[in-house]
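Structure file work.txt (compact mmCIF, C-alpha atoms) follows.
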```
# COMPACT_ATOMS: atom_id res chain seq x y z
CA MET V 183 12.78 12.01 2.23
CA THR V 184 15.09 13.16 -0.50
CA GLY V 185 16.67 11.48 -3.48
CA ASN V 186 13.76 9.10 -3.92
CA PHE V 187 13.68 7.12 -7.13
CA ALA V 188 10.68 8.17 -9.22
CA THR V 189 9.02 6.62 -12.22
CA THR V 190 6.46 8.37 -14.41
CA THR V 191 4.65 6.82 -17.32
CA GLY V 192 1.56 7.46 -19.44
CA SER V 193 -0.50 10.56 -20.00
CA GLY V 194 -3.76 11.99 -18.77
CA PRO V 195 -5.02 12.77 -15.25
CA GLY V 196 -2.48 12.20 -12.49
CA LEU V 197 -2.34 8.99 -10.46
CA LEU V 198 0.13 8.95 -7.56
CA LEU V 199 1.15 5.56 -6.12
CA ALA V 200 2.02 4.92 -2.47
CA HIS V 201 3.38 1.40 -1.87
CA GLY V 202 3.44 -0.84 1.18
CA ALA V 203 6.02 -1.64 3.84
CA GLY V 204 8.81 -3.81 2.51
CA GLY V 205 7.45 -3.33 -1.00
CA SER V 206 8.10 -1.00 -3.91
CA VAL V 207 6.17 0.65 -6.71
CA GLU V 208 6.95 -2.21 -9.08
CA ALA V 209 6.40 -5.00 -6.53
CA ASN V 210 3.02 -3.71 -5.35
CA PHE V 211 1.57 -2.06 -8.45
CA GLY V 212 3.40 -3.73 -11.34
CA PRO V 213 0.36 -5.66 -12.65
CA LEU V 214 -1.66 -2.43 -12.87
CA ILE V 215 0.78 0.14 -14.18
CA ASP V 216 0.74 -0.72 -17.89
CA VAL V 217 -3.05 -0.56 -18.10
CA LEU V 218 -3.45 2.51 -15.89
CA SER V 219 -0.82 4.42 -17.85
CA ARG V 220 -3.01 4.17 -20.97
CA THR V 221 -5.42 6.68 -19.44
CA HIS V 222 -3.40 8.35 -16.66
CA THR V 223 -0.04 9.87 -15.89
CA VAL V 224 1.15 7.36 -13.30
CA ILE V 225 3.77 8.59 -10.82
CA GLY V 226 5.49 6.34 -8.31
CA ALA V 227 8.37 6.80 -5.90
CA ASP V 228 10.03 4.11 -3.81
CA TYR V 229 10.34 4.85 -0.10
CA PRO V 230 13.79 5.15 1.51
CA GLY V 231 15.56 1.81 1.62
CA THR V 232 13.61 0.41 -1.33
CA GLY V 233 14.65 0.12 -4.96
CA ALA V 234 17.11 2.84 -5.89
CA THR V 235 16.12 5.14 -3.01
CA PRO V 236 18.78 5.31 -0.28
CA ARG V 237 17.85 4.30 3.24
CA SER V 238 16.93 7.20 5.52
CA ALA V 239 19.29 8.29 8.30
CA THR V 240 16.30 9.33 10.42
CA PRO V 241 13.03 7.56 11.33
CA LEU V 242 10.34 7.63 8.67
CA THR V 243 7.13 9.56 9.25
CA LEU V 244 3.82 9.71 7.42
CA ASP V 245 4.30 13.45 7.00
CA GLY V 246 7.72 12.95 5.44
CA LEU V 247 6.58 10.24 3.03
CA ALA V 248 3.44 12.15 2.08
CA ASP V 249 5.32 15.39 1.41
CA ALA V 250 7.99 13.58 -0.59
CA LEU V 251 5.43 11.88 -2.81
CA VAL V 252 3.66 15.16 -3.46
CA ASP V 253 6.99 16.83 -4.24
CA THR V 254 7.74 14.03 -6.68
CA ALA V 255 4.43 14.49 -8.49
CA VAL V 256 4.88 18.24 -8.75
CA ARG V 257 8.45 17.82 -9.94
CA GLU V 258 7.13 15.48 -12.64
CA GLY V 259 4.69 18.19 -13.75
CA VAL V 260 1.55 16.72 -12.16
CA GLU V 261 -0.13 19.30 -9.93
CA ARG V 262 -3.29 17.33 -9.03
CA PHE V 263 -3.88 13.61 -8.84
CA THR V 264 -5.69 10.60 -7.47
CA ALA V 265 -3.66 8.98 -4.69
CA LEU V 266 -3.64 5.18 -4.84
CA GLY V 267 -2.28 3.58 -1.67
CA TYR V 268 -1.60 -0.06 -0.82
CA SER V 269 -1.20 -1.34 2.76
CA LEU V 270 1.06 1.18 4.58
CA GLY V 271 0.56 3.33 1.48
CA THR V 272 -3.10 3.81 2.43
CA ALA V 273 -2.01 5.73 5.54
CA VAL V 274 0.46 7.69 3.42
CA ALA V 275 -2.31 8.49 0.92
CA VAL V 276 -4.65 9.63 3.70
CA ARG V 277 -1.91 11.92 4.98
CA VAL V 278 -1.36 13.25 1.45
CA ALA V 279 -5.07 14.08 1.28
CA THR V 280 -5.16 15.84 4.64
CA ARG V 281 -1.85 17.73 4.29
CA HIS V 282 -2.31 18.64 0.62
CA PRO V 283 -6.08 18.68 0.01
CA GLU V 284 -5.76 21.12 -2.88
CA ARG V 285 -3.82 18.50 -4.88
CA VAL V 286 -5.91 15.36 -4.33
CA THR V 287 -8.89 14.69 -6.59
CA SER V 288 -9.76 11.24 -5.18
CA LEU V 289 -8.38 8.38 -3.10
CA ILE V 290 -8.08 4.63 -3.66
CA LEU V 291 -7.09 2.70 -0.53
CA THR V 292 -6.31 -1.03 -0.84
CA ALA V 293 -5.58 -3.55 1.95
CA GLY V 294 -5.39 -0.62 4.32
CA PHE V 295 -5.84 0.46 7.90
CA ALA V 296 -6.19 3.60 9.97
CA ARG V 297 -4.86 1.87 13.09
CA LEU V 298 -3.61 -1.55 14.19
CA ASP V 299 -5.78 -3.94 16.18
CA ASN V 300 -4.13 -6.29 18.68
CA ARG V 301 -3.88 -9.21 16.26
CA THR V 302 -2.24 -7.10 13.58
CA ARG V 303 0.08 -5.46 16.10
CA LEU V 304 1.28 -8.89 17.23
CA GLY V 305 1.96 -9.80 13.61
CA VAL V 306 3.94 -6.60 13.09
CA GLU V 307 6.01 -7.40 16.20
CA VAL V 308 6.83 -10.85 14.80
CA TRP V 309 7.70 -9.30 11.45
CA ARG V 310 10.00 -6.77 13.11
CA HIS V 311 11.73 -9.48 15.18
CA LEU V 312 12.29 -11.79 12.20
CA LEU V 313 13.98 -9.01 10.22
CA ASP V 314 17.00 -9.46 12.51
CA GLY V 315 17.28 -13.21 11.92
CA ASP V 316 17.12 -15.87 9.22
CA PRO V 317 15.70 -14.33 6.01
CA ARG V 318 14.00 -17.62 5.18
CA ALA V 319 12.16 -17.62 8.50
CA LEU V 320 11.01 -14.10 7.69
CA ALA V 321 9.95 -15.24 4.23
CA ARG V 322 7.90 -18.11 5.68
CA PHE V 323 6.13 -15.69 7.99
CA VAL V 324 5.38 -13.26 5.16
CA LEU V 325 4.10 -16.07 2.95
CA HIS V 326 1.95 -17.39 5.81
CA ALA V 327 0.55 -13.99 6.80
CA ALA V 328 0.15 -12.27 3.44
CA SER V 329 -1.27 -15.14 1.37
CA ASP V 330 -4.85 -16.15 0.80
CA PRO V 331 -5.15 -19.41 2.82
CA VAL V 332 -7.10 -21.06 0.00
CA ARG V 333 -4.48 -20.23 -2.63
CA LEU V 334 -1.64 -21.09 -0.26
CA ASP V 335 -3.05 -24.54 0.44
CA ALA V 336 -3.20 -25.24 -3.29
CA LEU V 337 0.56 -24.76 -3.74
CA THR V 338 2.90 -27.72 -4.07
CA PRO V 339 5.81 -28.07 -1.62
CA GLY V 340 8.16 -27.09 -4.43
CA ALA V 341 6.18 -23.95 -5.18
CA ILE V 342 6.21 -22.97 -1.51
CA ASP V 343 9.98 -23.48 -1.32
CA ALA V 344 10.45 -21.36 -4.44
CA ALA V 345 8.23 -18.60 -3.04
CA VAL V 346 10.19 -18.62 0.24
CA GLU V 347 13.46 -18.24 -1.66
CA ASP V 348 12.08 -15.41 -3.78
CA ILE V 349 10.80 -13.49 -0.77
CA ALA V 350 14.00 -14.05 1.23
CA ALA V 351 16.09 -12.69 -1.64
CA SER V 352 13.97 -9.59 -2.19
CA VAL V 353 13.54 -7.99 1.24
CA PRO V 354 14.48 -4.29 0.82
CA PRO V 355 17.12 -2.99 3.24
CA GLY V 356 14.77 -0.32 4.53
CA THR V 357 12.02 -2.76 5.53
CA ALA V 358 12.74 -2.39 9.25
CA ASP V 359 12.20 1.37 8.94
CA HIS V 360 8.91 0.77 7.13
CA VAL V 361 7.72 -1.69 9.77
CA GLU V 362 8.53 0.77 12.55
CA LEU V 363 6.28 3.27 10.80
CA VAL V 364 3.48 0.71 10.40
CA ALA V 365 3.52 0.16 14.17
CA SER V 366 2.90 3.86 14.78
CA VAL V 367 0.07 4.50 12.30
CA ASP V 368 -3.12 6.08 13.59
CA THR V 369 -4.97 8.24 11.08
CA ARG V 370 -8.46 7.83 12.56
CA ALA V 371 -8.77 11.49 13.53
CA GLU V 372 -8.10 12.54 9.92
CA LEU V 373 -10.65 10.40 8.14
CA ALA V 374 -13.67 12.65 8.65
CA ARG V 375 -11.73 15.50 7.03
CA ILE V 376 -11.47 13.67 3.72
CA THR V 377 -13.99 15.12 1.29
CA VAL V 378 -12.81 13.72 -2.05
CA PRO V 379 -14.40 10.62 -3.59
CA THR V 380 -12.78 7.55 -2.03
CA LEU V 381 -12.68 3.87 -2.95
CA VAL V 382 -11.67 1.37 -0.26
CA VAL V 383 -10.67 -2.10 -1.52
CA VAL V 384 -10.67 -4.83 1.13
CA PRO V 385 -9.13 -8.29 0.53
CA THR V 386 -11.50 -10.53 2.49
CA ARG V 387 -8.92 -13.28 3.18
CA ASP V 388 -6.18 -10.95 4.33
CA GLN V 389 -4.29 -12.56 7.24
CA LEU V 390 -1.79 -9.70 7.66
CA ILE V 391 -4.12 -6.69 7.86
CA SER V 392 -7.53 -7.68 9.16
CA PRO V 393 -10.36 -7.03 6.68
CA ALA V 394 -12.21 -5.46 9.62
CA LEU V 395 -9.60 -2.69 9.67
CA GLY V 396 -10.24 -1.98 5.99
CA ARG V 397 -13.98 -1.81 6.59
CA GLU V 398 -13.36 0.48 9.54
CA LEU V 399 -11.28 2.70 7.27
CA ALA V 400 -14.19 2.92 4.82
CA LEU V 401 -16.67 3.72 7.57
CA GLY V 402 -14.50 6.58 8.78
CA ILE V 403 -14.40 8.37 5.40
CA PRO V 404 -17.64 10.15 4.55
CA GLY V 405 -19.30 8.77 1.42
CA SER V 406 -16.57 6.25 0.63
CA GLN V 407 -17.22 3.31 -1.66
CA LEU V 408 -16.29 -0.21 -0.47
CA VAL V 409 -15.29 -3.08 -2.76
CA GLU V 410 -14.32 -6.48 -1.38
CA ILE V 411 -12.11 -8.98 -3.22
CA ASP V 412 -11.69 -12.64 -2.19
CA CYS V 413 -7.92 -12.81 -1.82
CA GLY V 414 -5.14 -12.30 0.69
CA HIS V 415 -3.01 -9.26 1.37
CA LEU V 416 -1.03 -9.81 -1.84
CA VAL V 417 -3.88 -8.58 -4.00
CA GLY V 418 -1.57 -7.61 -6.88
CA ALA V 419 -0.28 -11.18 -7.11
CA GLU V 420 -3.47 -13.06 -6.27
CA ALA V 421 -6.25 -11.01 -7.86
CA PRO V 422 -4.73 -8.38 -10.16
CA GLY V 423 -7.62 -8.50 -12.61
CA GLU V 424 -10.27 -7.88 -9.95
CA TRP V 425 -8.18 -5.12 -8.37
CA LEU V 426 -7.64 -3.46 -11.73
CA LYS V 427 -11.36 -3.69 -12.52
CA ALA V 428 -12.28 -1.98 -9.25
CA VAL V 429 -9.70 0.75 -9.77
CA THR V 430 -10.52 1.47 -13.41
CA GLU V 431 -14.28 1.50 -12.82
CA PHE V 432 -13.81 3.98 -9.97
CA LEU V 433 -11.47 6.18 -12.02
CA GLY V 434 -13.87 6.03 -14.93
CA THR V 435 -16.58 7.60 -12.78
CA ARG V 436 -14.24 10.19 -11.23
CA GLU V 437 -11.86 11.33 -13.95
CA PRO V 438 -12.56 13.14 -17.22
```
Please re-express this file's structure in structure tokens.
Amino acid sequence: MTGNFATTTGSGPGLLLAHGAGGSVEANFGPLIDVLSRTHTVIGADYPGTGATPRSATPLTLDGLADALVDTAVREGVERFTALGYSLGTAVAVRVATRHPERVTSLILTAGFARLDNRTRLGVEVWRHLLDGDPRALARFVLHAASDPVRLDALTPGAIDAAVEDIAASVPPGTADHVELVASVDTRAELARITVPTLVVVPTRDQLISPALGRELALGIPGSQLVEIDCGHLVGAEAPGEWLKAVTEFLGTREP
């Protein structure tokens, strides 16, 4: 992955962001960045086909994304860092830790997975199919799958329509490439090799990535810490304060 758009802000220990499929640094981490940059040098890079990063001419791989993010951090003058991954970004962060262990001081994995179960795989197949059709149908699926059912049921019809329009208008062109990568993820064999302090954040009402997969991820990493938040997959939109609290408390115990 070359030519990726990078953003760096703040000062202090390094914090490298790895976003989710069909997302971006700003879309997935926006509510956290301002606060985290008060104590950390926050580095983010959009994947190919997202934001200002051109779409890749070849299939994406975890190795390629992991290496590109590390290259971005080093280019920005940050040699060592915590890797904070969200959704697909948790697999990228795990790969960063296992390919570049000398650079990773700790991991924070949110709404993540080391593999897909059958239910999640079926959802990914629907997601992939809808990308070729009506963007509003895709948006309805994303809203259905990624939202906390309790919060979703509280929305008015007008609010749901507005959310569908917003999602339909903001699907990055590289989303299909991201989803193809999601379907291939299996980092289970790597988890036992992770020796840095790790926080796993599991949204308990996640309908897109089963909370059981997040708990399985935590169980596979020796000594990891598990925090559960009552929200859906869109933790940055639905529970940004609780997510930020979990992240900052963990960083406060791990960083100087």
Judged by all atoms listed in the file, the minimum distance to Glu398 (chain V) among V:Thr430, V:Pro354, V:Ala327, V:Ala296 is found for V:Ala296
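Of the residues listed (V:Asp335, V:Asp348, V:Asp359, V:Glu431), V:Glu431 shows the shortest atom-to-atom separation from Leu381 (chain V); distances use all atoms listed in the file.
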Excluding region 220-233 of chain V and residues on its chain fewer than 3 positions from it, collect all residues at most 8 Å away from it, counting all atoms listed in the file, and give them as a ChimeraX atom specification.
/V:183,186-201,204-207,215-217,236-238,247,251,254-255,258,260,354-357
Those residues you just picked out, can you put them in a file as a PDB file, in the coordinates of the input with C-alpha atoms?
```pdb
ATOM      1  CA  MET V 183      12.780  12.010   2.230  1.00  0.00           C
ATOM      2  CA  ASN V 186      13.760   9.100  -3.920  1.00  0.00           C
ATOM      3  CA  PHE V 187      13.680   7.120  -7.130  1.00  0.00           C
ATOM      4  CA  ALA V 188      10.680   8.170  -9.220  1.00  0.00           C
ATOM      5  CA  THR V 189       9.020   6.620 -12.220  1.00  0.00           C
ATOM      6  CA  THR V 190       6.460   8.370 -14.410  1.00  0.00           C
ATOM      7  CA  THR V 191       4.650   6.820 -17.320  1.00  0.00           C
ATOM      8  CA  GLY V 192       1.560   7.460 -19.440  1.00  0.00           C
ATOM      9  CA  SER V 193      -0.500  10.560 -20.000  1.00  0.00           C
ATOM     10  CA  GLY V 194      -3.760  11.990 -18.770  1.00  0.00           C
ATOM     11  CA  PRO V 195      -5.020  12.770 -15.250  1.00  0.00           C
ATOM     12  CA  GLY V 196      -2.480  12.200 -12.490  1.00  0.00           C
ATOM     13  CA  LEU V 197      -2.340   8.990 -10.460  1.00  0.00           C
ATOM     14  CA  LEU V 198       0.130   8.950  -7.560  1.00  0.00           C
ATOM     15  CA  LEU V 199       1.150   5.560  -6.120  1.00  0.00           C
ATOM     16  CA  ALA V 200       2.020   4.920  -2.470  1.00  0.00           C
ATOM     17  CA  HIS V 201       3.380   1.400  -1.870  1.00  0.00           C
ATOM     18  CA  GLY V 204       8.810  -3.810   2.510  1.00  0.00           C
ATOM     19  CA  GLY V 205       7.450  -3.330  -1.000  1.00  0.00           C
ATOM     20  CA  SER V 206       8.100  -1.000  -3.910  1.00  0.00           C
ATOM     21  CA  VAL V 207       6.170   0.650  -6.710  1.00  0.00           C
ATOM     22  CA  ILE V 215       0.780   0.140 -14.180  1.00  0.00           C
ATOM     23  CA  ASP V 216       0.740  -0.720 -17.890  1.00  0.00           C
ATOM     24  CA  VAL V 217      -3.050  -0.560 -18.100  1.00  0.00           C
ATOM     25  CA  PRO V 236      18.780   5.310  -0.280  1.00  0.00           C
ATOM     26  CA  ARG V 237      17.850   4.300   3.240  1.00  0.00           C
ATOM     27  CA  SER V 238      16.930   7.200   5.520  1.00  0.00           C
ATOM     28  CA  LEU V 247       6.580  10.240   3.030  1.00  0.00           C
ATOM     29  CA  LEU V 251       5.430  11.880  -2.810  1.00  0.00           C
ATOM     30  CA  THR V 254       7.740  14.030  -6.680  1.00  0.00           C
ATOM     31  CA  ALA V 255       4.430  14.490  -8.490  1.00  0.00           C
ATOM     32  CA  GLU V 258       7.130  15.480 -12.640  1.00  0.00           C
ATOM     33  CA  VAL V 260       1.550  16.720 -12.160  1.00  0.00           C
ATOM     34  CA  PRO V 354      14.480  -4.290   0.820  1.00  0.00           C
ATOM     35  CA  PRO V 355      17.120  -2.990   3.240  1.00  0.00           C
ATOM     36  CA  GLY V 356      14.770  -0.320   4.530  1.00  0.00           C
ATOM     37  CA  THR V 357      12.020  -2.760   5.530  1.00  0.00           C
TER      38      THR V 357
END
```
What would the list of residues within 12 Å of (10.7, -15.9, 6.5) (file frame) look like as a VMD selection string, if only C-alpha atoms are what count?
chain V and resid 308 to 328 342 to 343 345 to 353
List every residue of region 238-263 of chain V that has an atom at most 12 Å from any atom of region 282-294 of chain V, giving for each one its closest atom pair and the distance in Å to one decimal, counting only C-alpha atoms, sorted by chain and then by ascending residue number, as a tab-separated table.
```
residue	atom	partner	partner_atom	distance
V:Asp245	CA	V:His282	CA	10.6
V:Ala248	CA	V:His282	CA	8.8
V:Asp249	CA	V:His282	CA	8.3
V:Ala250	CA	V:His282	CA	11.5
V:Leu251	CA	V:His282	CA	10.8
V:Val252	CA	V:His282	CA	8.0
V:Asp253	CA	V:His282	CA	10.6
V:Ala255	CA	V:Arg285	CA	9.9
V:Val256	CA	V:Arg285	CA	9.5
V:Val260	CA	V:Arg285	CA	9.2
V:Glu261	CA	V:Arg285	CA	6.3
V:Arg262	CA	V:Arg285	CA	4.3
V:Phe263	CA	V:Val286	CA	5.2
```
Please produce a file of the residues just selected, as a PDB file, in the coordinates of the input, where the atoms kept are C-alpha atoms.
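Written out: part-v8.pdb:
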```pdb
ATOM      1  CA  ASP V 245       4.300  13.450   7.000  1.00  0.00           C
ATOM      2  CA  ALA V 248       3.440  12.150   2.080  1.00  0.00           C
ATOM      3  CA  ASP V 249       5.320  15.390   1.410  1.00  0.00           C
ATOM      4  CA  ALA V 250       7.990  13.580  -0.590  1.00  0.00           C
ATOM      5  CA  LEU V 251       5.430  11.880  -2.810  1.00  0.00           C
ATOM      6  CA  VAL V 252       3.660  15.160  -3.460  1.00  0.00           C
ATOM      7  CA  ASP V 253       6.990  16.830  -4.240  1.00  0.00           C
ATOM      8  CA  ALA V 255       4.430  14.490  -8.490  1.00  0.00           C
ATOM      9  CA  VAL V 256       4.880  18.240  -8.750  1.00  0.00           C
ATOM     10  CA  VAL V 260       1.550  16.720 -12.160  1.00  0.00           C
ATOM     11  CA  GLU V 261      -0.130  19.300  -9.930  1.00  0.00           C
ATOM     12  CA  ARG V 262      -3.290  17.330  -9.030  1.00  0.00           C
ATOM     13  CA  PHE V 263      -3.880  13.610  -8.840  1.00  0.00           C
TER      14      PHE V 263
END
```
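Taking CA of Arg281 (chain V) and CA of Ala265 (chain V) as endpoints, the distance between them is 12.7 Å.
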Quick one, how far is CA of Leu401 (chain V) from CA of Gly246 (chain V)?
26.2 Å
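For the choices V:Thr369, V:Asn210, V:Asn300, V:Thr338, the atom-to-atom distance to Val278 (chain V) is smallest for V:Thr369 when using only C-alpha atoms.
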